[in-house]
Structure formats: structure tokens, C-alpha cells
Amino acid sequence: MRQLLVLGAGTAGTMVVNKLRSQLDADEWSIIVVDPDPAHHYQPGYLFIPFGTYQPGQVTKPKAKFIPKGVDLVTAEVDRVEPSENRVFLSDGSAIGYDFLVIATGTTPRPEETPGMLGEEWQRSVFDFYTLDGSTALADKLRSWEGGRLVVHISEMPIKCPVAPLEFAFLADSHFKEREMRDRVEITYVTPLDAAFTKPIAAAHLGGMLEERKITVETDFYIESVDNEKKEIVSFDERAIPFDLLVTVPVNMGADFIGRSGLGNDLNYVPVDHETMLSRDWDNIFAVGDAADLPTSKAGSVAHFAIEIFTENFLQHVDGQEMTHAFDGHANCFVESGGGKGMLIDFNYETQPLPGRYPIPGLGPFKLLEETELNHLGKLMFKWVYWNALLPGRDLPLPALMSMAGKEEVEA
């Protein structure tokens with residue numbers, strides 16, 4: 001009996017076990033998935049909680065509900081991996097062996113990495129919305145906040161769902177307009193990038209949207225600390241930006257056990273082949289989803305498209321065959337822009353977001369790089385798709401690899 005061990009039962013890990021359980025002979029393969037949290041979180045929903053669109057209870061369900069029959073779910077914390085022994089040690093001292101290991105433990109915000117961020121103003125005037133606790137606390141704050149200087153800030157790249165801070169800024173603008181207090185709020189968007197987004201064409205569109213909404217952009221800002229007494233963020237080049245309300249995206253890092261095990265880079269992401277997701281150091285270890293060092297967005301859409309490719313490669317690899325499928329970094333993201341509208345971007349490692357229609361060339365129904373009500377509805381509808389189709393590993397009518405069909409070539 002061969003054993004597949006999956007670490008992490010989030011988006012990527014859950015998809016892996018659902019895809020592979022039906023493909024691997026149950027008489028020849030056992031599958032175990034390990035995760036410390038019994039609750040599965042729909043993380044895109046965190047964005048909507050501060051504005052009252054979702055309540056906290058609407059974004060969590062039991063993980064066990066999505067683990068297929070024939071897969072053992074172990075609720076435990078991983079202490080370390082010993083790849084030379086093909087064993088994973090849990091925090092209680094017990095160990096689980098494996099023939100093949102898939103690391104799918106995602107990425108998490110680490111406010112403690114920035115001096116002062118977890119100071120006395122944390123969840124008083126300094127908030128994050130990349131955690132359920134953070135977004136819930138921010139919702140409470142926004143209900144009573146009377147205005148002032150709102151700073152939406154990104155500490156460092158990469159972060160999961162890199163468009164989410166932009167979405168927060170757009171939704172905040174819309175929220176304060178609806179409350180008839182936009183004139184009492186000064187919004188500043190602060191990023192370590194040299195533009196609003198990583199890709200030039202999309203950055204131009206998104207930067208224009210920020211300008212239209214009178215949201216000031218501060219670029220190339222590498223945070224050194226949060227000064228809780230002065231209520232300002234300070235960069236390494238000694239710029240200081242004051243705030244009354246700071247909504248920050250802390251440094252994101254992979255799981256600590258990856259660092260303890262010597263499997264990761266300085267941010268605890270596992271170096272992998274960017275086309276196959278096989279570890280660069282170990283022939284029986286893969287890393288998928290946000291846990292891998294893929295040079296693309298850390299987002300659910302990437303996990304979805306990548307795992308379609310991973311599944312075929314894994315089956316070839318365990319049979320001793322050459323892996324013949326190559327992931328291209330395909331990602332697409334709905335971008336909430338406020339006022340009941342949204343935008344959609346579709347791109348990969350080589351091709352940046354372009355105008356056009358998706359997923360059916362010429363027909364859509366979704367328009368790329370254009371604000372529409374249908375794109376906003378698509379964002380909201382995705383929650384149903386996530387729970388009912390994506391996590392269970394059902395086939396979706398979307399190509400895993402990005403297509404240029406229906407896209408318009410434009411110059412950056």
C-alpha cells in the first residue's frame with residue numbers, strides 16, 4: 001500500500017484529495033490529509049465583512065464536509081517534515097510516513113514581522129482584513145467611525161489575492177459615499193510597488209480608477225515600522241504617512257514548519273518547478289496553491305487551474321513516467337470596484353491582463369478590464385461555485401491554461 005500525505009485542507013489541499021481519490025486505486029493507495037483547523041474559510045468573503053455584505057458565519061463551514069470518502073482527515077498541527085525519512089512529525093510527537101507528500105498549507109499574514117504593527121493600536125485604529133478576526137473587528141470599527149485619514153496599505157509582496165487591497169479601497173470609497181460621509185474621509189493607497197498593480201496594462205486601468213475616486217496613491221513605500229504614538233507608518237527611506245484608520249496587509253509568509261524543515265525560502269514558500277509544482281529538491285514532494293513559490297498571484301483561481309495540471313502530472317509521476325503537462329501561471333480575478341460593479345482580469349506568467357471577453361471569446365458574458373454590473377454579480381456568485389463545485393473537485397467549463405482567444409492585443 002502506497003501512502004499519499006497532504007498537508008493542508010484549505011482550497012488547494014481539498015481540491016487535491018478530491019481529484020486524486022477518484023483517480024488512485026483505493027486498494028493500492030491510502031490518502032491522509034492533515035490540518036489543524038476544523039473550519040474551512042471562504043477567504044474571498046473576508047473582503048465583504050467590513051462592509052456588511054457578509055456576516056462571519058457565512059464564510060465558514062466544517063472541513064470534514066468537503067473531504068471525500070476514503071480520505072482520512074487528521075486534525076493536528078505539523079511540527080516538521082523529515083524528507084530524508086519520508087516522515088512528517090506532528091506537534092504531539094507522533095509521526096506519519098508517506099510515499100508522496102503534497103504541501104498545501106497556504107500563506108498567512110504576519111503582523112509581528114513589522115515593528116509596531118501589533119502595538120497598542122492593533123484592532124483599535126490598525127486593522128487587517130485578511131483574517132476572519134481582523135475583518136470582523138474592522139466591521140465593528142467602520143460602523144462607528146466618523147471619518148478622517150484612511151490609509152490602505154500593503155507591507156510587502158507577495159500577498160494572497162493581490163487585488164484585494166485595491167478592492168478594499170474601492171469598496172471603502174463606495175461605502176462612505178452611501179453613508180454620505182465621503183467628504184469627511186481622505187483615502188490613501190500605499191504600496192511597495194511602483195504602480196497600483198504588478199502588470200502595466202492593468203495597473204494603468206486600476207490607477208485611473210483610483211484617481212477617479214480621488215484616492216491618493218503612494219508608491220515604492222517599504223514599511224519600516226508603525227508609530228503607534230504618532231499614528232503614522234514610516235518607510236525605510238523615512239517617509240511618514242499619518243492615519244486615523246490604518247487598514248494594512250501585513251507581510252505574508254508560508255507555514256513555519258516549512259522553515260523548520262529546511263524546505264522553504266526566506267518567506268517559507270517551497271521552491272518548485274513552476275510548470276509541474278514538483279519540489280526542486282525532493283522527487284516525492286510537491287507544493288501547490290499559496291505554499292509554492294510560483295511567480296503568479298496567490299489566489300484561489302491559481303490553485304484551481306494549477307491543480308488541474310498537477311493532477312495529470314502526479315498520476316504520470318507516480319507511475320514513473322515523464323510529466324508532460326505544464327502549468328502556465330493562469331490566474332483570473334474579479335475586482336470589486338464599488339457601486340455594484342466589478343472588473344475581471346485574466347493573465348498568466350507571460351501575458352498580462354488584456355481587454356476582451358471571458359470565458360467565451362466574443363460572447364463573454366464577462367468583460368475583461370471593464371467595470372460592469374455582471375462582473376460584480378460574478379464575484380458574488382463565485383461563493384456558490386466555490387462551495388459546490390470548486391472544493392469538491394468537479395470539472396468546471398473553464399480551461400486550465402490561459403487562452404488568447406477573445407482578447408485584444410494592446411500596448412502597455
# chains A, B, ... in the order shown; residues from 1 in each chain; ligands from 1

$ residues_around --residues "range 137-148 of chain A" --least-positions-apart "3" --cutoff "6 Å" --atoms "only C-alpha atoms" --output "PyMOL selection string"
chain A and resi 50+134+184-185+244

$ residues_around --residues "Tyr189 in chain A" --least-positions-apart "6" --cutoff "8 Å" --atoms "only C-alpha atoms" --output "ChimeraX atom specification"
/A:151-153,166,169,215-218

$ residues_around --residues "Val247 in chain A" --least-positions-apart "2" --cutoff "8 Å" --atoms "only C-alpha atoms" --output "ChimeraX atom specification"
/A:126-129,150-153,245,249

$ write_last_selection --atoms "N, CA and C atoms" --output "mmCIF file, in the first residue's frame"
data_model
loop_
_atom_site.group_PDB
_atom_site.id
_atom_site.type_symbol
_atom_site.label_atom_id
_atom_site.label_comp_id
_atom_site.auth_asym_id
_atom_site.auth_seq_id
_atom_site.Cartn_x
_atom_site.Cartn_y
_atom_site.Cartn_z
ATOM 1 N N VAL A 126 -5.625 50.233 13.956
ATOM 2 C CA VAL A 126 -4.842 49.460 12.984
ATOM 3 C C VAL A 126 -5.509 48.103 12.821
ATOM 4 N N PHE A 127 -5.884 47.771 11.584
ATOM 5 C CA PHE A 127 -6.641 46.549 11.320
ATOM 6 C C PHE A 127 -6.094 45.849 10.080
ATOM 7 N N ASP A 128 -6.335 44.545 10.013
ATOM 8 C CA ASP A 128 -6.170 43.813 8.757
ATOM 9 C C ASP A 128 -7.533 43.239 8.393
ATOM 10 N N PHE A 129 -7.698 42.813 7.136
ATOM 11 C CA PHE A 129 -8.945 42.128 6.772
ATOM 12 C C PHE A 129 -8.634 40.802 6.082
ATOM 13 N N LEU A 150 -7.955 57.624 6.128
ATOM 14 C CA LEU A 150 -7.929 56.166 5.950
ATOM 15 C C LEU A 150 -6.749 55.818 5.060
ATOM 16 N N VAL A 151 -5.861 54.984 5.569
ATOM 17 C CA VAL A 151 -4.721 54.511 4.789
ATOM 18 C C VAL A 151 -4.888 53.022 4.542
ATOM 19 N N VAL A 152 -4.914 52.628 3.267
ATOM 20 C CA VAL A 152 -4.968 51.218 2.868
ATOM 21 C C VAL A 152 -3.558 50.858 2.426
ATOM 22 N N HIS A 153 -2.954 49.889 3.085
ATOM 23 C CA HIS A 153 -1.506 49.705 2.976
ATOM 24 C C HIS A 153 -1.122 48.234 2.734
ATOM 25 N N LEU A 245 -7.171 55.810 10.586
ATOM 26 C CA LEU A 245 -7.542 54.406 10.475
ATOM 27 C C LEU A 245 -6.609 53.767 9.458
ATOM 28 N N VAL A 249 -2.203 45.296 4.994
ATOM 29 C CA VAL A 249 -1.954 43.903 4.629
ATOM 30 C C VAL A 249 -0.561 43.576 5.147
#

$ residues_around --residues "Glu82 in chain A" --least-positions-apart "2" --cutoff "12 Å" --atoms "only C-alpha atoms" --output "ChimeraX atom specification"
/A:78-80,84-90,95-98,101,257-263,282,285

$ write_last_selection --atoms "C-alpha atoms" --output "compact mmCIF listing (two decimals), in the first residue's frame"
# COMPACT_ATOMS: atom_id res chain seq x y z
CA VAL A 78 2.55 19.87 11.82
CA ASP A 79 5.83 20.28 13.66
CA ARG A 80 8.27 19.41 10.87
CA SER A 84 15.13 12.11 4.10
CA GLU A 85 12.99 9.77 6.23
CA ASN A 86 9.70 10.33 4.34
CA ARG A 87 8.00 11.25 7.61
CA VAL A 88 6.00 14.15 8.99
CA PHE A 89 6.10 14.82 12.73
CA LEU A 90 3.06 16.34 14.41
CA ALA A 95 4.69 10.78 13.05
CA ILE A 96 3.05 9.89 9.73
CA GLY A 97 5.00 8.28 6.93
CA TYR A 98 4.46 8.93 3.24
CA LEU A 101 3.88 14.38 0.07
CA PHE A 257 7.13 24.11 9.74
CA ILE A 258 8.34 24.65 6.17
CA GLY A 259 11.15 26.82 7.51
CA ARG A 260 11.92 24.42 10.37
CA SER A 261 12.13 21.57 7.86
CA GLY A 262 14.53 23.35 5.52
CA LEU A 263 12.03 23.10 2.68
CA TRP A 282 12.86 16.20 -3.42
CA ILE A 285 7.32 16.21 -2.65

$ select_by_dssp --residues "range 233-291 of chain A" --states "strand (DSSP E or B)" --output "list in words"
Ile233, Val234, Ser235, Ala240, Ile241, Pro242, Leu245, Leu246, Val247, Thr248, Val249, Asn252, Met253, Gly254, Val270, Val272, Leu278, Ser279, Ile285, Phe286 and Ala287 of chain A

$ write_last_selection --atoms "N, CA and C atoms" --output "short mmCIF file (atom, residue, chain, number, x, y, z; two decimals), in the first residue's frame"
data_model
loop_
_atom_site.label_atom_id
_atom_site.label_comp_id
_atom_site.auth_asym_id
_atom_site.auth_seq_id
_atom_site.Cartn_x
_atom_site.Cartn_y
_atom_site.Cartn_z
N ILE A 233 2.65 55.48 9.57
CA ILE A 233 3.53 54.42 9.11
C ILE A 233 4.78 55.08 8.53
N VAL A 234 5.92 54.44 8.79
CA VAL A 234 7.21 55.02 8.42
C VAL A 234 7.93 54.05 7.50
N SER A 235 8.47 54.59 6.41
CA SER A 235 9.19 53.75 5.44
C SER A 235 10.68 53.75 5.74
N ALA A 240 6.87 59.38 6.13
CA ALA A 240 5.88 59.09 7.16
C ALA A 240 4.49 59.45 6.63
N ILE A 241 3.55 58.52 6.78
CA ILE A 241 2.18 58.75 6.33
C ILE A 241 1.26 58.64 7.54
N PRO A 242 0.61 59.74 7.92
CA PRO A 242 -0.27 59.71 9.09
C PRO A 242 -1.60 59.02 8.77
N LEU A 245 -7.17 55.81 10.59
CA LEU A 245 -7.54 54.41 10.48
C LEU A 245 -6.61 53.77 9.46
N LEU A 246 -5.84 52.77 9.90
CA LEU A 246 -4.92 52.06 9.03
C LEU A 246 -5.47 50.67 8.76
N VAL A 247 -5.71 50.36 7.49
CA VAL A 247 -6.12 49.02 7.07
C VAL A 247 -4.93 48.44 6.30
N THR A 248 -4.22 47.55 6.93
CA THR A 248 -2.95 47.08 6.40
C THR A 248 -3.00 45.63 5.97
N VAL A 249 -2.20 45.30 4.99
CA VAL A 249 -1.95 43.90 4.63
C VAL A 249 -0.56 43.58 5.15
N ASN A 252 3.08 38.54 4.32
CA ASN A 252 2.53 37.18 4.20
C ASN A 252 3.67 36.18 4.18
N MET A 253 3.49 35.07 4.89
CA MET A 253 4.50 34.01 4.92
C MET A 253 3.85 32.64 4.91
N GLY A 254 4.60 31.66 4.40
CA GLY A 254 4.15 30.28 4.45
C GLY A 254 4.26 29.71 5.85
N VAL A 270 7.73 27.00 -0.67
CA VAL A 270 8.52 25.87 -1.16
C VAL A 270 8.95 26.11 -2.60
N VAL A 272 9.59 25.25 -6.16
CA VAL A 272 9.11 24.15 -7.01
C VAL A 272 9.37 24.48 -8.47
N LEU A 278 6.59 20.24 -8.72
CA LEU A 278 7.44 19.29 -8.02
C LEU A 278 8.57 20.04 -7.32
N SER A 279 8.85 19.66 -6.08
CA SER A 279 9.93 20.28 -5.33
C SER A 279 11.22 20.24 -6.13
N ILE A 285 8.03 15.13 -3.34
CA ILE A 285 7.32 16.21 -2.65
C ILE A 285 6.85 17.24 -3.67
N PHE A 286 5.57 17.57 -3.59
CA PHE A 286 5.00 18.66 -4.39
C PHE A 286 4.52 19.75 -3.44
N ALA A 287 4.45 20.97 -3.94
CA ALA A 287 3.80 22.05 -3.19
C ALA A 287 2.83 22.73 -4.14
#

$ atom_distance --atom1 "CA of Gly342 in chain A" --atom2 "CA of Arg110 in chain A"
28.9 Å

$ select_by_dssp --residues "range 68-233 of chain A" --states "helix (DSSP H, G or I)" --output "PyMOL selection string"
chain A and resi 111-113+132-144+164-178+182-184+200-212

$ residues_around --residues "Phe100 in chain A" --least-positions-apart "4" --cutoff "8 Å" --atoms "only C-alpha atoms" --output "PyMOL selection string"
chain A and resi 3-5+284-285

$ write_last_selection --atoms "C-alpha atoms" --output "mmCIF file, in the first residue's frame"
data_model
loop_
_atom_site.group_PDB
_atom_site.id
_atom_site.type_symbol
_atom_site.label_atom_id
_atom_site.label_comp_id
_atom_site.auth_asym_id
_atom_site.auth_seq_id
_atom_site.Cartn_x
_atom_site.Cartn_y
_atom_site.Cartn_z
ATOM 1 C CA GLN A 3 0.566 6.452 1.020
ATOM 2 C CA LEU A 4 -0.156 9.992 -0.148
ATOM 3 C CA LEU A 5 0.045 12.571 2.633
ATOM 4 C CA ASN A 284 8.437 12.805 -3.968
ATOM 5 C CA ILE A 285 7.322 16.212 -2.649
#

$ atom_distance --atom1 "CA of Lys214 in chain A" --atom2 "CA of Phe170 in chain A"
10.4 Å

$ closest_atom_pairs --of "range 369-407 of chain A" --to "range 53-63 of chain A" --cutoff "10 Å" --atoms "only C-alpha atoms" --output "JSON lines"
{"residue": "A:Leu380", "atom": "CA", "partner": "A:Thr53", "partner_atom": "CA", "distance": 9.9}
{"residue": "A:Lys383", "atom": "CA", "partner": "A:Val59", "partner_atom": "CA", "distance": 8.8}
{"residue": "A:Trp387", "atom": "CA", "partner": "A:Lys61", "partner_atom": "CA", "distance": 9.1}

$ residues_around --residues "Ala104 in chain A" --least-positions-apart "5" --cutoff "7 Å" --atoms "only C-alpha atoms" --output "VMD selection string"
chain A and resid 6 to 8 12 to 13 287 to 289 291

$ closest_residue --among "A:Asp256, A:Asp37, A:Asp99, A:Asp92" --to "Thr75 in chain A" --atoms "only C-alpha atoms"
A:Asp37

$ residues_around --residues "range 343-346 of chain A" --least-positions-apart "2" --cutoff "6 Å" --atoms "only C-alpha atoms" --output "PDB file with C-alpha atoms, in the first residue's frame"
ATOM      1  CA  ALA A 331      -4.969  33.392 -12.961  1.00  0.00           C
ATOM      2  CA  ASN A 332      -8.195  35.310 -13.187  1.00  0.00           C
ATOM      3  CA  CYS A 333      -9.734  37.593 -10.608  1.00  0.00           C
ATOM      4  CA  PHE A 334     -12.929  39.557 -10.247  1.00  0.00           C
ATOM      5  CA  VAL A 335     -12.068  43.010  -8.905  1.00  0.00           C
ATOM      6  CA  PRO A 353      -4.332  41.245 -18.373  1.00  0.00           C
ATOM      7  CA  LEU A 368     -12.216  41.934 -19.222  1.00  0.00           C
ATOM      8  CA  LEU A 369     -10.658  45.145 -17.886  1.00  0.00           C
ATOM      9  CA  GLU A 370     -14.049  46.845 -17.839  1.00  0.00           C
ATOM     10  CA  GLU A 371     -16.328  47.730 -14.942  1.00  0.00           C
ATOM     11  CA  ASN A 375     -18.680  41.212 -13.205  1.00  0.00           C
TER      12      ASN A 375
END

$ closest_residue --among "A:Ala172, A:Val226, A:Ile154, A:Cys161" --to "Glu121 in chain A" --atoms "only C-alpha atoms"
A:Val226

$ closest_residue --among "A:Ala195, A:Asp293, A:Ser155, A:Pro392" --to "Lys69 in chain A" --atoms "only C-alpha atoms"
A:Pro392

$ closest_residue --among "A:Lys19, A:Arg179, A:Val81, A:Phe48" --to "Glu308 in chain A" --atoms "only C-alpha atoms"
A:Lys19

$ closest_residue --among "A:Ala299, A:Ala204, A:Met1, A:Ile187" --to "Gly106 in chain A" --atoms "only C-alpha atoms"
A:Ala299
